[in-house]
Amino acid sequence: MQRGNNRMTPSRSFLWRPVLGLGVSVAMLLPAGCKDLFVTRQKVLVDAISAPGIAKPSGQSFRLLAQRTVVAGQQVQSGVVAACVVTALTTIGMYEAPGGVPPDLFIEVSYGMDTGGRVDPSTRESFLKLSARPNRRHASESTKDEEIWDVRVAVAGVAGRLETAMPLLCSVAAAYAATDTHTETTIQVPENSPAVIAVREGAIKLLDEKTAGNARTEAGATTAK
């Protein structure tokens, strides 16, 4: 699916008692919602497309398919990206299909980062794109069915490796799955967003479980010898 021209192209402690007292007083006067004004927010660009009549994918199984990445100059840990995507999709009610079992959807995953030497770090874009295709033929590995929804999310100014942006990007992408923004939209996500924290912690748990599973498999193979 193509959007056309609108489609995205990817503590310090104060020792002065008067100041401290004033800070406490202001905090007591602030309504709960106003406290959010002091929370750092990330601006995320979202461009989502969905075919007409497509329902939210809650309850559907999926299998991830890796697509070409656009990250020059650094090696991205694809396992970290996959763990974040899987966790984010489970937060909206989807589940990963067991090996050998045909999924309801195949979801193609691509991601990238501007890493050219001339790119201003404050405008450097990190992006993630998820594209879903239905599995009408009940295939186990891939499908040629037409794409039914597509979501691309991007954030600028992320320092360090691309993986650090994945909990944020995956959380937003999952939230906009099977929706249509009609044009590129900018949203603001609090730095302490529970949804982003849930994806980060869930991905860490998945990776820990995978590492433990691999260790058990290797131990079993060594014993068998």
# chains A, B, ... in the order shown; residues from 1 in each chain; ligands from 1
call {"tool": "residues_around", "arguments": {"residues": "A:Lys144", "least_positions_apart": "5", "cutoff": "10 Å", "atoms": "only C-alpha atoms", "output": "short mmCIF file (atom, residue, chain, number, x, y, z; two decimals) with N, CA and C atoms, in the first residue's frame"}}
result
data_model
loop_
_atom_site.label_atom_id
_atom_site.label_comp_id
_atom_site.auth_asym_id
_atom_site.auth_seq_id
_atom_site.Cartn_x
_atom_site.Cartn_y
_atom_site.Cartn_z
N PHE A 106 1.24 -12.74 8.61
CA PHE A 106 2.68 -12.60 8.51
C PHE A 106 2.97 -11.12 8.62
N ARG A 133 0.32 -9.09 6.30
CA ARG A 133 -0.35 -9.79 5.19
C ARG A 133 -1.14 -10.96 5.77
N PRO A 134 -2.37 -11.16 5.33
CA PRO A 134 -3.17 -12.28 5.84
C PRO A 134 -2.64 -13.61 5.29
N ASN A 135 -2.86 -14.67 6.02
CA ASN A 135 -2.39 -16.00 5.61
C ASN A 135 -3.59 -16.84 5.18
N ARG A 136 -4.21 -16.45 4.10
CA ARG A 136 -5.42 -17.14 3.63
C ARG A 136 -5.14 -18.56 3.16
N ARG A 137 -3.93 -18.83 2.74
CA ARG A 137 -3.58 -20.15 2.23
C ARG A 137 -3.03 -21.06 3.33
N ALA A 139 -0.25 -21.00 4.97
CA ALA A 139 1.17 -21.34 4.79
C ALA A 139 1.89 -21.23 6.12
#
call {"tool": "residues_around", "arguments": {"residues": "stretch 186-197 of chain A", "least_positions_apart": "3", "cutoff": "9 Å", "atoms": "only C-alpha atoms", "output": "PyMOL selection string"}}
result
chain A and resi 36+39-47+88+91+167-172+200-202
call {"tool": "write_last_selection", "arguments": {"atoms": "C-alpha atoms", "output": "short mmCIF file (atom, residue, chain, number, x, y, z; two decimals), in the first residue's frame"}}
result
data_model
loop_
_atom_site.label_atom_id
_atom_site.label_comp_id
_atom_site.auth_asym_id
_atom_site.auth_seq_id
_atom_site.Cartn_x
_atom_site.Cartn_y
_atom_site.Cartn_z
CA ASP A 36 2.94 15.79 33.60
CA VAL A 39 7.87 14.88 32.15
CA THR A 40 10.14 14.70 29.11
CA ARG A 41 8.26 13.65 25.99
CA GLN A 42 9.44 12.09 22.76
CA LYS A 43 7.97 13.27 19.48
CA VAL A 44 7.13 10.26 17.34
CA LEU A 45 6.12 10.43 13.68
CA VAL A 46 3.40 7.93 12.77
CA ASP A 47 2.14 7.00 9.31
CA ALA A 88 4.53 -4.93 21.75
CA THR A 91 0.27 -6.05 24.56
CA PRO A 167 10.74 -0.14 22.99
CA LEU A 168 9.31 3.29 22.10
CA LEU A 169 8.94 2.60 18.38
CA CYS A 170 7.43 -0.85 18.86
CA SER A 171 4.96 0.36 21.46
CA VAL A 172 3.66 3.10 19.17
CA ARG A 200 11.22 -2.87 27.40
CA GLU A 201 10.73 -5.18 30.40
CA GLY A 202 8.88 -7.80 28.35
#
call {"tool": "residues_around", "arguments": {"residues": "A:Glu108", "least_positions_apart": "5", "cutoff": "12 Å", "atoms": "only C-alpha atoms", "output": "list in words"}}
result
Phe62, Arg63, Leu64, Leu65, Ala66, Gln67, Arg68, Thr69, Ala82, Val85, Leu128, Lys129, Leu130, Ser131, Ala132, Arg133, Pro134, Glu141, Ser142, Thr143, Lys144, Glu147, Ile148, Trp149, Asp150, Val151 and Arg152 of chain A
call {"tool": "select_by_dssp", "arguments": {"residues": "stretch 43-163 of chain A", "states": "strand (DSSP E)", "output": "ChimeraX atom specification"}}
result
/A:43-50,61-66,70-71,95-96,105-113,125-134,149-156
call {"tool": "residues_around", "arguments": {"residues": "stretch 53-59 of chain A", "least_positions_apart": "4", "cutoff": "7 Å", "atoms": "only C-alpha atoms", "output": "ChimeraX atom specification"}}
result
/A:92-94,178
call {"tool": "write_last_selection", "arguments": {"atoms": "N, CA and C atoms", "output": "short mmCIF file (atom, residue, chain, number, x, y, z; two decimals), in the first residue's frame"}}
result
data_model
loop_
_atom_site.label_atom_id
_atom_site.label_comp_id
_atom_site.auth_asym_id
_atom_site.auth_seq_id
_atom_site.Cartn_x
_atom_site.Cartn_y
_atom_site.Cartn_z
N ILE A 92 -1.24 -5.82 22.64
CA ILE A 92 -2.52 -5.47 22.01
C ILE A 92 -3.37 -6.72 21.76
N GLY A 93 -3.00 -7.83 22.39
CA GLY A 93 -3.83 -9.04 22.31
C GLY A 93 -3.45 -10.04 21.26
N MET A 94 -2.35 -9.83 20.54
CA MET A 94 -1.90 -10.79 19.54
C MET A 94 -0.97 -11.81 20.21
N ALA A 178 -3.38 -1.64 12.15
CA ALA A 178 -4.72 -1.73 11.54
C ALA A 178 -5.53 -0.46 11.72
#
call {"tool": "closest_residue", "arguments": {"among": "A:Thr211, A:Ser126, A:Thr181, A:Thr90", "to": "A:Ala48", "atoms": "only C-alpha atoms"}}
result
A:Thr181
